>>> print(open('start-v3.txt').read())   # compact mmCIF, C-alpha atoms
# COMPACT_ATOMS: atom_id res chain seq x y z
CA MET A 1 -74.77 14.59 -84.92
CA ASP A 2 -76.54 11.35 -84.01
CA ARG A 3 -79.58 12.44 -81.96
CA SER A 4 -79.77 9.00 -80.38
CA ILE A 5 -76.74 9.94 -78.30
CA LEU A 6 -78.68 12.71 -76.58
CA ARG A 7 -81.54 10.27 -75.94
CA ALA A 8 -79.24 7.78 -74.22
CA PRO A 9 -80.24 7.72 -70.51
CA SER A 10 -76.61 7.37 -69.34
CA LEU A 11 -75.44 10.55 -71.15
CA LEU A 12 -78.41 12.84 -70.58
CA PRO A 13 -77.46 13.89 -67.00
CA PHE A 14 -73.94 14.68 -68.18
CA VAL A 15 -75.26 16.84 -71.06
CA VAL A 16 -77.53 18.72 -68.66
CA LEU A 17 -74.64 19.31 -66.22
CA VAL A 18 -72.43 20.70 -68.99
CA ALA A 19 -75.23 23.01 -70.10
CA CYS A 20 -75.76 24.27 -66.55
CA LEU A 21 -72.04 24.94 -66.08
CA PHE A 22 -71.93 26.79 -69.40
CA CYS A 23 -74.82 29.01 -68.34
CA ALA A 24 -73.13 29.68 -64.97
CA LEU A 25 -69.97 30.76 -66.74
CA CYS A 26 -71.89 33.12 -69.03
CA LEU A 27 -73.92 34.79 -66.31
CA PRO A 28 -72.24 37.57 -64.28
CA TYR A 29 -71.78 36.92 -60.59
CA GLU A 30 -73.54 39.50 -58.42
CA ALA A 31 -72.04 39.34 -54.95
CA PRO A 32 -74.25 40.24 -51.99
CA ARG A 33 -73.89 43.81 -50.80
CA ALA A 34 -71.52 44.22 -47.86
CA GLU A 35 -72.22 46.48 -44.89
CA GLU A 36 -69.71 49.21 -44.03
CA VAL A 37 -68.73 49.09 -40.36
CA THR A 38 -69.40 52.23 -38.33
CA VAL A 39 -66.67 53.47 -35.98
CA ARG A 40 -67.83 52.71 -32.44
CA GLN A 41 -64.41 52.45 -30.80
CA THR A 42 -61.79 54.93 -32.05
CA GLU A 43 -58.48 53.18 -32.69
CA GLY A 44 -55.26 54.59 -31.22
CA THR A 45 -51.64 53.76 -30.49
CA LEU A 46 -50.96 50.27 -29.17
CA HIS A 47 -48.36 47.50 -29.00
CA GLY A 48 -49.44 43.94 -28.28
CA PHE A 49 -47.61 40.61 -28.18
CA LEU A 50 -48.94 37.50 -29.91
CA LYS A 51 -48.12 33.85 -30.34
CA LEU A 52 -48.95 31.51 -33.21
CA SER A 53 -49.40 27.77 -32.79
CA THR A 54 -51.03 24.74 -34.34
CA LEU A 55 -54.42 23.63 -33.03
CA ALA A 56 -52.54 20.86 -31.21
CA GLY A 57 -50.55 23.48 -29.29
CA LYS A 58 -47.17 23.40 -31.05
CA ARG A 59 -45.62 26.87 -30.95
CA LEU A 60 -44.80 28.15 -34.44
CA ALA A 61 -44.03 31.86 -34.16
CA ASP A 62 -43.91 34.91 -31.93
CA GLY A 63 -45.45 38.16 -33.06
CA ASP A 64 -46.06 41.85 -32.52
CA LEU A 65 -49.15 43.89 -33.24
CA THR A 66 -48.45 47.62 -33.40
CA GLN A 67 -50.64 50.57 -34.29
CA THR A 68 -49.66 54.20 -34.84
CA VAL A 69 -51.73 57.31 -35.54
CA HIS A 70 -50.90 59.97 -38.15
CA GLY A 71 -53.67 62.54 -38.40
CA ASP A 72 -56.86 60.76 -39.43
CA ARG A 73 -55.01 57.64 -40.56
CA ILE A 74 -54.04 54.55 -38.61
CA THR A 75 -51.17 52.23 -39.54
CA ASN A 76 -51.66 48.69 -38.27
CA ARG A 77 -48.74 46.24 -38.52
CA LEU A 78 -48.90 42.53 -37.67
CA SER A 79 -45.65 40.58 -37.86
CA PHE A 80 -44.74 36.98 -37.00
CA ARG A 81 -41.20 35.59 -36.75
CA PHE A 82 -41.33 31.83 -37.16
CA ARG A 83 -38.92 29.52 -35.38
CA ASP A 84 -37.88 28.08 -38.76
CA GLY A 85 -36.91 31.57 -39.98
CA SER A 86 -40.11 32.29 -41.93
CA ILE A 87 -41.67 35.76 -41.89
CA HIS A 88 -45.29 36.90 -42.06
CA GLU A 89 -45.82 40.67 -42.06
CA GLU A 90 -48.92 42.66 -42.97
CA THR A 91 -49.17 46.47 -42.87
CA ALA A 92 -52.56 48.09 -43.33
CA VAL A 93 -53.36 51.81 -43.43
CA PHE A 94 -56.97 52.87 -42.85
CA SER A 95 -59.08 55.88 -41.96
CA GLN A 96 -61.75 56.02 -39.27
CA SER A 97 -63.95 58.98 -40.05
CA HIS A 98 -67.44 57.72 -39.13
CA ARG A 99 -66.74 54.46 -41.01
CA PHE A 100 -63.60 52.35 -41.42
CA HIS A 101 -62.10 52.64 -44.91
CA LEU A 102 -58.97 50.85 -46.08
CA VAL A 103 -56.29 53.02 -47.70
CA SER A 104 -53.61 50.42 -48.47
CA ASP A 105 -52.43 46.99 -47.45
CA ARG A 106 -49.22 45.03 -48.01
CA LEU A 107 -48.72 41.38 -47.11
CA ILE A 108 -45.28 39.70 -47.17
CA GLN A 109 -44.78 35.97 -46.59
CA LYS A 110 -41.56 34.05 -47.10
CA GLY A 111 -39.73 31.06 -45.71
CA PRO A 112 -40.31 27.30 -45.36
CA ALA A 113 -43.59 27.77 -43.44
CA PHE A 114 -45.27 28.91 -46.68
CA PRO A 115 -45.64 26.94 -49.94
CA ARG A 116 -44.34 29.89 -51.96
CA PRO A 117 -43.25 33.47 -51.17
CA MET A 118 -45.92 36.15 -51.55
CA ASP A 119 -45.73 39.94 -51.70
CA VAL A 120 -49.20 41.45 -52.21
CA SER A 121 -49.79 45.21 -52.38
CA ILE A 122 -53.21 46.88 -52.49
CA ASP A 123 -53.85 50.55 -53.22
CA ARG A 124 -57.55 50.80 -52.55
CA ALA A 125 -58.35 54.17 -54.14
CA SER A 126 -56.70 53.42 -57.50
CA GLY A 127 -57.70 49.75 -57.44
CA ARG A 128 -54.12 48.75 -58.20
CA VAL A 129 -53.21 45.27 -56.97
CA THR A 130 -49.71 43.82 -57.35
CA VAL A 131 -48.85 40.22 -56.56
CA ARG A 132 -45.25 39.01 -56.58
CA THR A 133 -44.67 35.30 -56.12
CA THR A 134 -42.91 32.38 -57.78
CA GLU A 135 -44.00 29.65 -60.20
CA GLU A 136 -43.77 25.98 -59.24
CA ASP A 137 -40.42 25.82 -61.05
CA GLY A 138 -39.08 28.68 -58.90
CA LYS A 139 -39.26 31.41 -61.57
CA PRO A 140 -40.47 34.81 -60.30
CA LYS A 141 -43.99 35.85 -61.28
CA LYS A 142 -45.61 39.27 -61.13
CA ILE A 143 -49.32 40.00 -61.57
CA GLU A 144 -50.67 43.55 -61.83
CA GLU A 145 -54.38 44.32 -62.06
CA ARG A 146 -56.80 47.17 -61.53
CA LEU A 147 -60.01 46.21 -59.79
CA ASP A 148 -63.07 48.06 -58.55
CA LEU A 149 -62.31 47.81 -54.84
CA PRO A 150 -64.90 48.78 -52.20
CA PRO A 151 -63.70 51.20 -49.48
CA ASP A 152 -64.51 48.75 -46.67
CA LEU A 153 -62.12 45.97 -47.67
CA ALA A 154 -61.31 43.81 -44.64
CA ASN A 155 -57.68 43.13 -45.63
CA GLY A 156 -55.44 43.89 -42.66
CA VAL A 157 -58.27 45.35 -40.55
CA LEU A 158 -60.59 42.39 -39.91
CA LEU A 159 -59.97 42.33 -36.16
CA THR A 160 -60.68 46.07 -35.95
CA LEU A 161 -63.94 45.62 -37.82
CA LEU A 162 -65.04 42.76 -35.57
CA LYS A 163 -64.41 44.87 -32.45
CA ASN A 164 -66.78 47.50 -33.86
CA LEU A 165 -69.70 45.33 -34.93
CA PRO A 166 -73.05 46.23 -33.35
CA ARG A 167 -73.80 44.12 -30.28
CA ASP A 168 -77.08 42.93 -31.79
CA ALA A 169 -75.60 42.04 -35.21
CA GLN A 170 -76.08 38.33 -35.84
CA GLN A 171 -74.56 38.28 -39.33
CA VAL A 172 -72.68 40.73 -41.53
CA THR A 173 -70.93 40.51 -44.90
CA LEU A 174 -67.45 41.94 -45.42
CA PRO A 175 -65.50 42.15 -48.69
CA MET A 176 -61.92 40.91 -48.92
CA LEU A 177 -59.34 40.64 -51.68
CA ALA A 178 -57.81 37.16 -51.99
CA ALA A 179 -54.60 36.46 -53.94
CA ALA A 180 -54.02 32.80 -54.69
CA PRO A 181 -52.08 34.07 -56.60
CA LYS A 182 -54.53 35.75 -59.03
CA PRO A 183 -56.34 38.53 -57.13
CA ARG A 184 -60.12 38.30 -56.79
CA LEU A 185 -62.80 39.70 -54.51
CA VAL A 186 -64.51 37.32 -52.10
CA LYS A 187 -67.11 37.77 -49.39
CA LEU A 188 -66.71 37.01 -45.70
CA GLN A 189 -69.94 35.93 -44.04
CA VAL A 190 -69.44 36.75 -40.36
CA VAL A 191 -71.86 34.92 -38.07
CA ARG A 192 -72.14 35.44 -34.32
CA ALA A 193 -71.95 31.99 -32.68
CA GLY A 194 -72.61 33.03 -29.08
CA LYS A 195 -70.36 33.68 -26.10
CA GLU A 196 -67.75 31.37 -24.62
CA PRO A 197 -66.13 31.60 -21.15
CA PHE A 198 -62.40 31.95 -20.50
CA THR A 199 -60.26 33.07 -17.58
CA ILE A 200 -57.38 35.51 -17.12
CA GLY A 201 -55.63 34.59 -13.90
CA GLY A 202 -58.56 33.97 -11.59
CA SER A 203 -60.89 36.36 -13.38
CA LYS A 204 -63.72 34.85 -15.43
CA ARG A 205 -64.63 36.53 -18.71
CA LYS A 206 -66.74 35.80 -21.80
CA ALA A 207 -65.77 36.36 -25.42
CA THR A 208 -68.05 36.55 -28.45
CA HIS A 209 -67.27 33.77 -30.92
CA TYR A 210 -67.51 34.74 -34.61
CA VAL A 211 -67.54 32.12 -37.36
CA ILE A 212 -66.32 33.47 -40.70
CA LYS A 213 -67.24 31.68 -43.91
CA VAL A 214 -65.43 32.54 -47.14
CA GLU A 215 -67.73 32.82 -50.17
CA LEU A 216 -65.79 32.59 -53.43
CA GLY A 217 -68.78 33.43 -55.62
CA GLY A 218 -69.37 32.67 -59.28
CA ILE A 219 -68.53 29.32 -60.84
CA ALA A 220 -65.52 28.93 -58.54
CA GLY A 221 -67.84 29.02 -55.54
CA LEU A 222 -70.06 26.33 -57.08
CA LEU A 223 -67.20 23.98 -57.86
CA ALA A 224 -64.95 24.55 -54.83
CA PRO A 225 -66.78 22.09 -52.49
CA LEU A 226 -66.82 19.46 -55.23
CA VAL A 227 -63.06 19.54 -55.79
CA GLY A 228 -62.04 20.01 -52.14
CA LYS A 229 -61.04 23.66 -52.53
CA GLN A 230 -63.63 25.28 -50.27
CA PRO A 231 -61.79 27.43 -47.68
CA PRO A 232 -62.33 26.25 -44.08
CA ASP A 233 -64.38 28.30 -41.63
CA ASN A 234 -62.37 30.87 -39.68
CA HIS A 235 -62.99 31.53 -35.99
CA VAL A 236 -62.36 34.71 -33.99
CA TRP A 237 -63.08 35.48 -30.33
CA ILE A 238 -63.60 39.11 -29.25
CA LEU A 239 -63.98 40.33 -25.66
CA GLY A 240 -66.95 42.69 -25.52
CA GLY A 241 -67.78 45.48 -23.12
CA GLU A 242 -66.88 49.15 -23.08
CA VAL A 243 -63.42 48.45 -24.53
CA PRO A 244 -63.57 45.42 -26.89
CA ALA A 245 -60.37 43.42 -27.37
CA PHE A 246 -59.07 40.57 -29.50
CA VAL A 247 -58.65 37.30 -27.57
CA LYS A 248 -58.01 34.46 -30.05
CA SER A 249 -58.41 33.36 -33.66
CA GLU A 250 -58.14 30.11 -35.61
CA SER A 251 -57.59 30.69 -39.32
CA PRO A 252 -55.14 29.89 -42.15
CA LEU A 253 -52.45 32.41 -43.09
CA TYR A 254 -52.38 31.38 -46.74
CA ALA A 255 -54.65 29.77 -49.34
CA GLN A 256 -55.32 26.08 -48.68
CA GLY A 257 -53.25 26.37 -45.50
CA PRO A 258 -53.98 24.72 -42.12
CA LEU A 259 -55.87 26.43 -39.31
CA TRP A 260 -53.38 28.10 -36.96
CA ARG A 261 -54.23 29.58 -33.58
CA MET A 262 -53.28 33.19 -32.81
CA GLU A 263 -53.48 34.31 -29.18
CA LEU A 264 -52.26 37.02 -26.86
CA ALA A 265 -48.86 36.27 -25.34
CA SER A 266 -47.59 37.06 -21.83
CA PRO A 267 -44.04 38.16 -21.02
CA ASP A 268 -41.70 35.50 -19.58
CA TRP A 269 -39.31 37.00 -17.02
CA ARG A 270 -37.23 33.86 -16.52
>>> encode(input="start-v3.txt", output="structure tokens")
Amino acid sequence: MDRSILRAPSLLPFVVLVACLFCALCLPYEAPRAEEVTVRQTEGTLHGFLKLSTLAGKRLADGDLTQTVHGDRITNRLSFRFRDGSIHEETAVFSQSHRFHLVSDRLIQKGPAFPRPMDVSIDRASGRVTVRTTEEDGKPKKIEERLDLPPDLANGVLLTLLKNLPRDAQQVTLPMLAAAPKPRLVKLQVVRAGKEPFTIGGSKRKATHYVIKVELGGIAGLLAPLVGKQPPDNHVWILGGEVPAFVKSESPLYAQGPLWRMELASPDWR
């Protein structure tokens, strides 16, 4: 090899960058330790009504949030029926003995609102993750993996975890499994951004605003901002007090998707 090439000023930065990337690929990624969320508000049976819209206010879907109790396990189901016929449905089962622990989660997305259909199943105890989707040419694709999954995965239970955060917690880290479509663990950095006023009828209230940053970790996390693949910040508003409640969120429903607003819906008797 001609050593004069390495001495060329125009190529030296490139050689250094390649070396750094090689080292980053070789080194294992050690994600920051997440904090398990203590049960402060015991979850029970409920049925709520939701609406999904763009940030500009265009109504996209109507939804239901239901929760049922079977012994020490809670089944939480969030479903949206889009006006174009698309379906988003996520069913999470979790326990709430002192701390919240995910048991299983299944996410189904299909229809024109989503770039490709997704059916993701998580069995937390066994670590089994199954992803069913389609290739770009329309052929079905199935991915099965076994991962070391922490008990406090936030999949399907993020809103429940936020309602139970300590009042003085300014920042917490929560683990989540992302499938895009290959499953991988990411970290959610949840930061308290203060309180914001809103009204219900003529009653004034304040909700705590949480900003959620997705940390991909490893070499993917280093390169994502450079190639425009860094997930956008998510936003969730939780009403505090003796009985915390979800008020609003702005987050994507799929990888690289737009921010959509999810809010409580009121019955229309007309």
>>> atom_distance(input="start-v3.txt", atom1="atom CA of Gly156 of chain A", atom2="atom CA of Pro112 of chain A")
22.6 Å
>>> atom_distance(input="start-v3.txt", atom1="atom CA of Pro232 of chain A", atom2="atom CA of Asp119 of chain A")
22.8 Å
>>> closest_residue(input="start-v3.txt", among="A:Glu136, A:Asp168, A:Asp123, A:Asp84", to="Leu102 of chain A", atoms="all atoms listed in the file")
A:Asp123
>>> residues_around(input="start-v3.txt", residues="His235 of chain A", least_positions_apart="5", cutoff="8 Å", atoms="all atoms listed in the file", output="NGL selection string")
:A and (209-212 or 249-251)
>>> residues_around(input="start-v3.txt", residues="Ala154 of chain A", least_positions_apart="5", cutoff="7 Å", atoms="only C-alpha atoms", output="list in words")
Leu174, Pro175 and Met176 of chain A
>>> atom_distance(input="start-v3.txt", atom1="atom CA of Gly201 of chain A", atom2="atom CA of Phe246 of chain A")
17.1 Å
>>> residues_around(input="start-v3.txt", residues="Val172 of chain A", least_positions_apart="5", cutoff="12 Å", atoms="all atoms listed in the file", output="list in words")
Pro32, Arg33, Ala34, Glu35, Glu36, Val37, Leu161, Leu162, Asn164, Leu165, Pro166, Arg167, Lys187, Leu188, Gln189, Val190, Val191, Arg192, Tyr210, Val211, Ile212 and Lys213 of chain A
>>> residues_near_point(input="start-v3.txt", point="(-53.5, 38.0, -60.2)", cutoff="12 Å", atoms="only C-alpha atoms", output="number ranges by chain")
A: 118-122, 128-133, 141-147, 177-185
>>> residues_around(input="start-v3.txt", residues="Phe49 of chain A", least_positions_apart="2", cutoff="9 Å", atoms="all atoms listed in the file", output="list in words")
His47, Lys51, Asp62, Gly63, Asp64, Leu65, Thr66, Glu263, Leu264, Ala265, Ser266 and Pro267 of chain A
>>> closest_residue(input="start-v3.txt", among="A:Ser203, A:Gly85, A:Arg270, A:Asp233", to="Glu215 of chain A", atoms="all atoms listed in the file")
A:Asp233
>>> closest_residue(input="start-v3.txt", among="A:Leu55, A:Leu153, A:Leu158, A:Ala113", to="Gly127 of chain A", atoms="only C-alpha atoms")
A:Leu153
>>> closest_residue(input="start-v3.txt", among="A:Pro231, A:Gly71, A:Gly257, A:Gly111", to="Thr45 of chain A", atoms="only C-alpha atoms")
A:Gly71
>>> closest_residue(input="start-v3.txt", among="A:Ala169, A:Ile108, A:Met262, A:Leu60", to="Arg77 of chain A", atoms="all atoms listed in the file")
A:Ile108
>>> closest_atom_pairs(input="start-v3.txt", of="segment 41-88 of chain A", to="segment 92-99 of chain A", cutoff="9 Å", atoms="all atoms listed in the file", output="Markdown table")
| residue | atom | partner | partner_atom | distance |
| --- | --- | --- | --- | --- |
| A:Thr42 | CA | A:Gln96 | CA | 7.3 |
| A:Glu43 | CA | A:Gln96 | CA | 7.9 |
| A:Asp72 | CA | A:Ser95 | CA | 5.9 |
| A:Arg73 | CA | A:Ser95 | CA | 4.6 |
| A:Ile74 | CA | A:Phe94 | CA | 5.4 |
| A:Thr75 | CA | A:Val93 | CA | 4.5 |
| A:Asn76 | CA | A:Ala92 | CA | 5.2 |
| A:Arg77 | CA | A:Ala92 | CA | 6.4 |
| A:Leu78 | CA | A:Ala92 | CA | 8.7 |
>>> residues_around(input="start-v3.txt", residues="Tyr254 of chain A", least_positions_apart="4", cutoff="9 Å", atoms="only C-alpha atoms", output="list in words")
Gln109, Phe114, Pro115, Ala180 and Pro258 of chain A
